[in-house]
Structure formats: structure tokens, C-alpha cells
Amino acid sequence: MRYAYAATTALLLTGSAFALVNGSPVTAQTALPVSAQANLAPAGAPASFADLVAQLQPAVVNISTKQKVQVATSFNPFTGERRPVTQEQASGGSGFLISADGYIVTNNHVVAGGPAGDAVDKVTVTLFDGKEYTADIVGRDPQSDIALLKIKASNLPFVAMGDSKKSRVGDWVIAIGNPLGLSSTVTAGIISALQRNIGAGGAYDRFIQTDTAINPGNSGGPLFNLKGEVVGINNRLISPIGANIGVGFAIPAEEATPVIESLKKGVRPERGYLGISITPVGEDLADALGLEKNRGEFVARVVAGEGGEKAGLKEGDIVLKVDGREVSPEATLSYIVANIKPGTRIPLDILREGKPMRLNAMVGTRPPEEKLAQSNFNPEENKDFDKDTDGPDAKVIRDSIGLSVIPLDAEIARQLGMGSDTKGVVIDIAGQGNGAQAGLRRGDVIVSATYQPVTSPAALAAAIRTAKTAGRSAILLGVKRRGGTTQYATVRIEE
């Protein structure tokens, strides 16, 4: 975990593992002198972790990052332009080598910077022997919080991924990492729980819970069993003080391994998706509908064109079972569906207005998180430009008329009160430039430019370029707002 955190729930972790062997049980009723009790340790219990640690430490690395982030916005009253004010920030965490040629696993949040979660500008890896390397980010998966790095080196020490399903609650575990910047720190504890649901949602809301001491900076480091296998990737802790109180969490190794393999191949991990938003059936909702508490989940929204809608799901339905599995707080709908292979047809047992029904749905592929975030479009949200790394079309639109636009899909159109057949681009950031001065705002849909249809950001950029080439200083935009009729705005074009 990056060591700049002091929140109630912090993303970081480190663990420690060792297995106890059978020995004579000692009960609470056994009253023996302290000296005698000291001899009652179970036979085979580790007297020290030193030998194991000596083998594992060389494969654990320190990760430090640098990133320019926006800390403020400057406004020029003469030009009406806003410019981001940036500052370089440093942070870091832990990681571990999984191959002799330099592949390193860590958490995505260790190498993500800024509010948009973009990759940091520079990643430096320091090995146990003090050698430093600049690392390339091979791939990142924000949903699982896994990232894969690569350094240019050979004959490196590395560790093997294990399987936490073979572990038991009470097994010893060892964490090695860099808490608070203290490199190669070793802590030990036990597995407190397996497959712990902590309410994070999605496909990866199942963690190893451990009492191993972890603190900011441990994120991305390995949690080892006594065989020296990585059974978890230290990820987060729960603490009212932002530091270890004995409740830490690691991503199970067997869930991380497929993600790592996908990132290594340069492909995005595929996850199941029905295109619905759900809420738990809590006590009040259960009472209102006469249902059993914490059984099933309530469908709050159905995305047009996705598997849920095609199967016939409607807002207000209660999903009780997915593919025969009971939906509950321990086995949430999102967790079950996300772990089903896209293209699989599954039964859904639901309640609709109190009546049981069975639907059959085809599981789709979950879109990238940034697309999902776009689909949850809130026109009242205030947004500002935060980077200058847009593509050429986006740069033309922003520099010329001071707007940022995104494609309009059926779901965003529905949220804006428009028909699913509406074509155009929606204003994502209105800024303070010429577009805003012409009265345009976030959530407006641009449907035409100089009477020509606009169906994509590229089409709008092309219309602006055409106007500039013709020597025009303004462009006429057709705009729809909240499903109303098309109105027209004349927007000046910056040179």
C-alpha cells in the first residue's frame, strides 16, 4: 500500500505464514509454572522464521513512484481560460518478483496516481541488495487492484504463487514489505478468516483476513505460507487510526493469478456482466415486501441492450438465485455473475410483485471501469479539465470551443431524459471557455454542427477543422437539453 494514507479504511497489507503441527493440547484448566508451560509448544512449531525469511526476502521489492497531479486551477480573467496547477508527488509500496527475468506483481493503487486513477509518471524498483531499476508498467487492472511491472534484469530471485484455498484459518503467515518506507520489514501472524466479504462489491470482494502487522507501504507485498508460497497479496486494512490494529486483508493468490496471466499477455481480464444495478434487501425493504431479510437483491436499474434487459429483468425485481446459487450478503449477485464466463446462459430466479419467476440470461462481458463510470452520468456533477494528454480530436474540441465531450449511448440518453435513438455527443466538461460563454453546460447533447449531424467526437472535431479552414470564427451547434427540442448556439472558435 502507498504510505501517504491516514484514512479509516486504508489500502495496504502484509502477512506472515507458518503452519502449526500437532502437539499436546493445553487447556485453560492446566495450571503449571511458567517455566513448565514454556516447554508445551506443539512439536514442530517454528522456533524462528529466520531461515524462511532469508530465502524469501531477496524476491520482495520496494516500489517508489512519482506523479504530477493537479492541486488547483488557475484562472486568467483576460482570456477566460483555466489552467491546471500541478505538483509532483512521491509515494510507494511493495511488490514481489515472480520470474527470473524481472516480472513484478503489486497492487494497482501503488502505481496509480491522481483522482482519475491514471498510471504514475515514473516507477522505481529497489531490490533487496539495493540495486535500483526503472520499471515499465506492463498492465493494470483497477477492479482486482492488481498491476504487473517489468524491469530489465536477469537471474533474479523469485517466488511462486500458491493457493489460499489449501490454507486453513489459524495457519501461520509471513508478510514482507516496506511499511512507512522501512524496507524489507518482516511481520508474522495467522490467517484470521478466508473468503472474507468486506462489502467492496464486484468480482474480487473476497479476501484473506490476517492479524499480521501491516501498515501503509505494505500494499502489493506478498503474504507467504510456511512453504514459501505466496498465498495472498497484501491489499488493505481496516483501522480507525489508519495503521495496523490486527485487521488486514490480502487478495487470494488463486484469484490474482488469472489476472496476472492476462496482463502478461496484454489482454484485459474478462468478467461476467448483466447490466443491472442492485441494492441489498435490508430490513426495511424486506418488511415492505414481506421478504426474508438479507435474501436476494433488489434491481434498481436495468441497462438497455445488456443481458439483464434481454432476459426480461425489470426495475423492482428481486433476484433470489443466479445459476442455482442463493444470492445473499456472503454471495452477492455481482460477485457470482462477475465470476461466470461471458457467453454462458444462466437461469435467474426472481420475485416480481411477489410472484416467483424464472428467467434465462446470457452473461455479457463487463465493460471497462471508465466506460461504466461514464454511463453513470450525473449532469449536476462539477468537473474540470485535469490533464493535457487527450487525443487529437479531444484537443481540437477543447482548444477551439472549450468543451470536453463523450459519445452518447442509450444509457446516458435515458439518464438525460432522451430517447435511446438520440444521436450526438454529450458535454462532459463545459469549462469556462467559449462554449460555456455561449450557454452550453454539462449534460447538453450536441446533435449537429453547421447543420451536419454530429454522431461522435471525431465528427465534431472534423466540423471545427472545416470551419477553421474556411476562415470562420464561429460554429453553429445544434443542441438538445433534457429531451427538449433542438436549439442552436453560436460558439466562437479560438485560433
# chains A, B, ... in the order shown; residues from 1 in each chain; ligands from 1
>>> residues_around(residues="Ser448 (chain A)", least_positions_apart="6", cutoff="9 Å", atoms="only C-alpha atoms", output="list in words")
Gly424, Val454, Thr455, Leu460, Leu476, Leu477, Gly478 and Val479 of chain A
>>> residues_around(residues="region 121-131 of chain A", least_positions_apart="2", cutoff="6 Å", atoms="only C-alpha atoms", output="list in words")
Pro58, Val61, Asn62, Ile63, Ser64, Thr65, Lys66, Gln67, Tyr133, Thr134 and Ala135 of chain A
>>> atom_distance(atom1="CA of Lys395 (chain A)", atom2="CA of Glu495 (chain A)")
12.9 Å
>>> closest_residue(among="A:Gly431, A:Leu408, A:Ile401, A:Lys227", to="Ile475 (chain A)", atoms="only C-alpha atoms")
A:Ile401
>>> residues_around(residues="Ile493 (chain A)", least_positions_apart="5", cutoff="9 Å", atoms="only C-alpha atoms", output="ChimeraX atom specification")
/A:399-402,434,464,467-468,472-475
>>> residues_around(residues="Lys165 (chain A)", least_positions_apart="2", cutoff="9 Å", atoms="only C-alpha atoms", output="list in words")
Asp163, Ser167, Arg168, Leu194, Gln195, Val231, Pro252 and Glu254 of chain A
>>> closest_residue(among="A:Gly296, A:Asp145, A:Lys150, A:Gly181", to="Glu330 (chain A)", atoms="only C-alpha atoms")
A:Gly296
>>> closest_atom_pairs(of="region 154-180 of chain A", to="region 76-95 of chain A", cutoff="10 Å", atoms="only C-alpha atoms", output="tab-separated table")
residue	atom	partner	partner_atom	distance
A:Ile176	CA	A:Ser94	CA	8.5
A:Gly177	CA	A:Ser94	CA	5.4
A:Asn178	CA	A:Ser94	CA	5.9
A:Pro179	CA	A:Gly93	CA	7.6
A:Leu180	CA	A:Gly93	CA	8.7
>>> closest_atom_pairs(of="region 241-339 of chain A", to="region 363-368 of chain A", cutoff="8 Å", atoms="only C-alpha atoms", output="CSV")
residue,atom,partner,partner_atom,distance
A:Glu270,CA,A:Thr365,CA,6.3
A:Arg271,CA,A:Arg366,CA,5.4
A:Gly272,CA,A:Thr365,CA,5.1
A:Tyr273,CA,A:Arg366,CA,4.7
A:Leu274,CA,A:Val363,CA,5.8
A:Glu306,CA,A:Gly364,CA,7.1
A:Gly307,CA,A:Val363,CA,5.9
A:Val337,CA,A:Val363,CA,7.6
A:Ala338,CA,A:Arg366,CA,7.7
>>> write_last_selection(atoms="N, CA and C atoms", output="tab-separated table (two decimals), in the first residue's frame")
chain	number	residue	atom	x	y	z
A	270	GLU	N	-11.52	-10.87	-18.57
A	270	GLU	CA	-12.95	-10.85	-18.88
A	270	GLU	C	-13.76	-11.24	-17.65
A	271	ARG	N	-14.83	-10.50	-17.41
A	271	ARG	CA	-15.71	-10.79	-16.28
A	271	ARG	C	-17.15	-10.74	-16.75
A	272	GLY	N	-17.99	-11.52	-16.09
A	272	GLY	CA	-19.40	-11.56	-16.46
A	272	GLY	C	-20.12	-10.27	-16.11
A	273	TYR	N	-21.22	-10.01	-16.85
A	273	TYR	CA	-21.94	-8.75	-16.68
A	273	TYR	C	-23.37	-8.92	-17.18
A	274	LEU	N	-24.33	-8.45	-16.38
A	274	LEU	CA	-25.73	-8.49	-16.79
A	274	LEU	C	-26.27	-7.10	-17.11
A	306	GLU	N	-28.30	-4.76	-22.59
A	306	GLU	CA	-27.44	-5.75	-21.95
A	306	GLU	C	-28.22	-7.01	-21.61
A	307	GLY	N	-27.50	-8.01	-21.07
A	307	GLY	CA	-28.09	-9.32	-20.84
A	307	GLY	C	-29.29	-9.32	-19.92
A	337	VAL	N	-22.03	-13.25	-10.67
A	337	VAL	CA	-22.06	-13.01	-12.11
A	337	VAL	C	-20.68	-12.68	-12.66
A	338	ALA	N	-19.92	-11.87	-11.94
A	338	ALA	CA	-18.60	-11.47	-12.43
A	338	ALA	C	-17.68	-12.66	-12.61
>>> select_by_dssp(residues="region 57-163 of chain A", states="strand (DSSP E)", output="VMD selection string")
chain A and resid 60 to 76 81 to 97 103 to 107 112 to 113 118 to 119 122 to 126 132 to 134 136 to 141 146 to 150
>>> atom_distance(atom1="CA of Ile238 (chain A)", atom2="CA of Ala253 (chain A)")
20.3 Å
>>> select_by_dssp(residues="region 230-298 of chain A", states="helix (DSSP H, G or I)", output="list in words")
Ala253, Glu254, Glu255, Ala256, Thr257, Pro258, Val259, Ile260, Glu261, Ser262, Leu263, Lys264, Lys265, Glu283, Asp284, Leu285, Ala286, Asp287, Ala288 and Leu289 of chain A
>>> atom_distance(atom1="CA of Asn155 (chain A)", atom2="CA of Ala59 (chain A)")
11.4 Å
>>> closest_residue(among="A:Lys321, A:Arg482, A:Arg358, A:Lys314", to="Leu416 (chain A)", atoms="only C-alpha atoms")
A:Arg482
>>> closest_residue(among="A:Thr344, A:Glu353, A:Tyr335, A:Val105", to="Leu291 (chain A)", atoms="only C-alpha atoms")
A:Glu353
>>> residues_around(residues="Gly354 (chain A)", least_positions_apart="6", cutoff="10 Å", atoms="only C-alpha atoms", output="list of chain:residue names")
A:Leu289, A:Gly290, A:Leu291, A:Asp317, A:Ile318
>>> residues_around(residues="Ile350 (chain A)", least_positions_apart="6", cutoff="6 Å", atoms="only C-alpha atoms", output="list in words")
Ile318, Val319, Leu320, Pro356 and Met357 of chain A
>>> decode(residues="region 110-207 of chain A", atoms="C-alpha atoms", output="PDB file, in the first residue's frame")
ATOM      1  CA  VAL A 110       0.550   1.539  -5.742  1.00  0.00           C
ATOM      2  CA  VAL A 111       1.216   2.666  -9.332  1.00  0.00           C
ATOM      3  CA  ALA A 112      -1.942   4.727  -9.905  1.00  0.00           C
ATOM      4  CA  GLY A 113      -1.840   8.466  -9.344  1.00  0.00           C
ATOM      5  CA  GLY A 114      -4.245  11.352  -9.229  1.00  0.00           C
ATOM      6  CA  PRO A 115      -8.041  11.426  -8.900  1.00  0.00           C
ATOM      7  CA  ALA A 116      -8.596   9.790 -12.290  1.00  0.00           C
ATOM      8  CA  GLY A 117      -6.515   6.729 -11.370  1.00  0.00           C
ATOM      9  CA  ASP A 118      -4.076   7.215 -14.244  1.00  0.00           C
ATOM     10  CA  ALA A 119      -0.721   5.448 -14.188  1.00  0.00           C
ATOM     11  CA  VAL A 120       2.042   7.326 -12.382  1.00  0.00           C
ATOM     12  CA  ASP A 121       4.764   9.005 -14.420  1.00  0.00           C
ATOM     13  CA  LYS A 122       7.698   7.015 -13.055  1.00  0.00           C
ATOM     14  CA  VAL A 123       8.123   3.752 -11.147  1.00  0.00           C
ATOM     15  CA  THR A 124      11.412   2.859  -9.445  1.00  0.00           C
ATOM     16  CA  VAL A 125      12.030  -0.627  -8.057  1.00  0.00           C
ATOM     17  CA  THR A 126      14.677  -1.250  -5.415  1.00  0.00           C
ATOM     18  CA  LEU A 127      15.813  -4.827  -4.849  1.00  0.00           C
ATOM     19  CA  PHE A 128      16.866  -6.349  -1.540  1.00  0.00           C
ATOM     20  CA  ASP A 129      20.537  -5.837  -2.453  1.00  0.00           C
ATOM     21  CA  GLY A 130      19.967  -2.114  -3.028  1.00  0.00           C
ATOM     22  CA  LYS A 131      20.050  -2.132  -6.848  1.00  0.00           C
ATOM     23  CA  GLU A 132      17.564   0.245  -8.447  1.00  0.00           C
ATOM     24  CA  TYR A 133      15.691  -0.167 -11.734  1.00  0.00           C
ATOM     25  CA  THR A 134      13.172   1.915 -13.625  1.00  0.00           C
ATOM     26  CA  ALA A 135      10.144  -0.313 -14.136  1.00  0.00           C
ATOM     27  CA  ASP A 136       7.705  -0.447 -17.028  1.00  0.00           C
ATOM     28  CA  ILE A 137       4.016  -0.928 -16.224  1.00  0.00           C
ATOM     29  CA  VAL A 138       3.048  -3.998 -18.253  1.00  0.00           C
ATOM     30  CA  GLY A 139      -0.603  -3.801 -17.290  1.00  0.00           C
ATOM     31  CA  ARG A 140      -3.050  -2.626 -14.636  1.00  0.00           C
ATOM     32  CA  ASP A 141      -6.437  -3.949 -13.572  1.00  0.00           C
ATOM     33  CA  PRO A 142      -8.193  -1.479 -11.249  1.00  0.00           C
ATOM     34  CA  GLN A 143     -11.089  -3.805 -10.474  1.00  0.00           C
ATOM     35  CA  SER A 144      -8.899  -6.514  -8.929  1.00  0.00           C
ATOM     36  CA  ASP A 145      -6.317  -3.915  -7.811  1.00  0.00           C
ATOM     37  CA  ILE A 146      -3.522  -5.896  -9.489  1.00  0.00           C
ATOM     38  CA  ALA A 147      -0.653  -4.449 -11.530  1.00  0.00           C
ATOM     39  CA  LEU A 148       2.214  -6.148 -13.335  1.00  0.00           C
ATOM     40  CA  LEU A 149       5.603  -4.429 -13.721  1.00  0.00           C
ATOM     41  CA  LYS A 150       8.770  -5.391 -15.590  1.00  0.00           C
ATOM     42  CA  ILE A 151      12.403  -4.467 -15.023  1.00  0.00           C
ATOM     43  CA  LYS A 152      15.279  -5.184 -17.399  1.00  0.00           C
ATOM     44  CA  ALA A 153      17.355  -7.705 -15.473  1.00  0.00           C
ATOM     45  CA  SER A 154      18.064 -11.436 -15.430  1.00  0.00           C
ATOM     46  CA  ASN A 155      18.853 -14.244 -12.993  1.00  0.00           C
ATOM     47  CA  LEU A 156      16.727 -12.638 -10.330  1.00  0.00           C
ATOM     48  CA  PRO A 157      15.351 -14.442  -7.256  1.00  0.00           C
ATOM     49  CA  PHE A 158      11.606 -15.000  -7.448  1.00  0.00           C
ATOM     50  CA  VAL A 159       8.765 -16.674  -5.579  1.00  0.00           C
ATOM     51  CA  ALA A 160       5.880 -18.916  -6.625  1.00  0.00           C
ATOM     52  CA  MET A 161       2.160 -18.193  -6.428  1.00  0.00           C
ATOM     53  CA  GLY A 162       0.226 -20.594  -4.209  1.00  0.00           C
ATOM     54  CA  ASP A 163      -3.455 -21.297  -3.487  1.00  0.00           C
ATOM     55  CA  SER A 164      -5.092 -19.913  -0.365  1.00  0.00           C
ATOM     56  CA  LYS A 165      -7.878 -22.497  -0.655  1.00  0.00           C
ATOM     57  CA  LYS A 166      -5.372 -25.014   0.657  1.00  0.00           C
ATOM     58  CA  SER A 167      -4.828 -22.856   3.740  1.00  0.00           C
ATOM     59  CA  ARG A 168      -6.818 -23.038   6.953  1.00  0.00           C
ATOM     60  CA  VAL A 169      -7.912 -20.424   9.440  1.00  0.00           C
ATOM     61  CA  GLY A 170      -5.209 -20.398  12.107  1.00  0.00           C
ATOM     62  CA  ASP A 171      -2.308 -21.149   9.748  1.00  0.00           C
ATOM     63  CA  TRP A 172       0.796 -19.038  10.220  1.00  0.00           C
ATOM     64  CA  VAL A 173       1.573 -16.436   7.561  1.00  0.00           C
ATOM     65  CA  ILE A 174       4.504 -14.069   6.995  1.00  0.00           C
ATOM     66  CA  ALA A 175       4.402 -10.636   5.391  1.00  0.00           C
ATOM     67  CA  ILE A 176       7.425  -8.892   3.938  1.00  0.00           C
ATOM     68  CA  GLY A 177       7.205  -5.338   2.700  1.00  0.00           C
ATOM     69  CA  ASN A 178       8.039  -1.678   3.165  1.00  0.00           C
ATOM     70  CA  PRO A 179       5.724  -0.179   5.791  1.00  0.00           C
ATOM     71  CA  LEU A 180       6.221   3.554   6.232  1.00  0.00           C
ATOM     72  CA  GLY A 181       9.251   3.327   3.936  1.00  0.00           C
ATOM     73  CA  LEU A 182      11.080   0.812   6.163  1.00  0.00           C
ATOM     74  CA  SER A 183      12.353  -1.635   3.556  1.00  0.00           C
ATOM     75  CA  SER A 184      12.313  -5.417   3.974  1.00  0.00           C
ATOM     76  CA  THR A 185      10.232  -5.362   7.151  1.00  0.00           C
ATOM     77  CA  VAL A 186       9.066  -8.821   8.245  1.00  0.00           C
ATOM     78  CA  THR A 187       5.926  -9.461  10.314  1.00  0.00           C
ATOM     79  CA  ALA A 188       4.179 -12.693  11.260  1.00  0.00           C
ATOM     80  CA  GLY A 189       0.664 -13.700  12.237  1.00  0.00           C
ATOM     81  CA  ILE A 190      -2.096 -16.114  11.370  1.00  0.00           C
ATOM     82  CA  ILE A 191      -4.929 -16.367   8.876  1.00  0.00           C
ATOM     83  CA  SER A 192      -7.944 -14.946  10.704  1.00  0.00           C
ATOM     84  CA  ALA A 193     -10.530 -15.750   8.011  1.00  0.00           C
ATOM     85  CA  LEU A 194     -10.743 -16.933   4.404  1.00  0.00           C
ATOM     86  CA  GLN A 195     -13.037 -15.660   1.636  1.00  0.00           C
ATOM     87  CA  ARG A 196     -13.953 -12.628   3.738  1.00  0.00           C
ATOM     88  CA  ASN A 197     -16.576 -10.361   2.125  1.00  0.00           C
ATOM     89  CA  ILE A 198     -15.802  -6.787   3.194  1.00  0.00           C
ATOM     90  CA  GLY A 199     -18.514  -5.064   1.158  1.00  0.00           C
ATOM     91  CA  ALA A 200     -16.292  -3.737  -1.635  1.00  0.00           C
ATOM     92  CA  GLY A 201     -18.521  -5.334  -4.289  1.00  0.00           C
ATOM     93  CA  GLY A 202     -17.605  -6.797  -7.670  1.00  0.00           C
ATOM     94  CA  ALA A 203     -15.711  -9.897  -8.723  1.00  0.00           C
ATOM     95  CA  TYR A 204     -12.940  -9.628  -6.146  1.00  0.00           C
ATOM     96  CA  ASP A 205     -14.703  -8.906  -2.876  1.00  0.00           C
ATOM     97  CA  ARG A 206     -13.220 -11.972  -1.196  1.00  0.00           C
ATOM     98  CA  PHE A 207     -10.090 -11.572   0.918  1.00  0.00           C
TER      99      PHE A 207
END
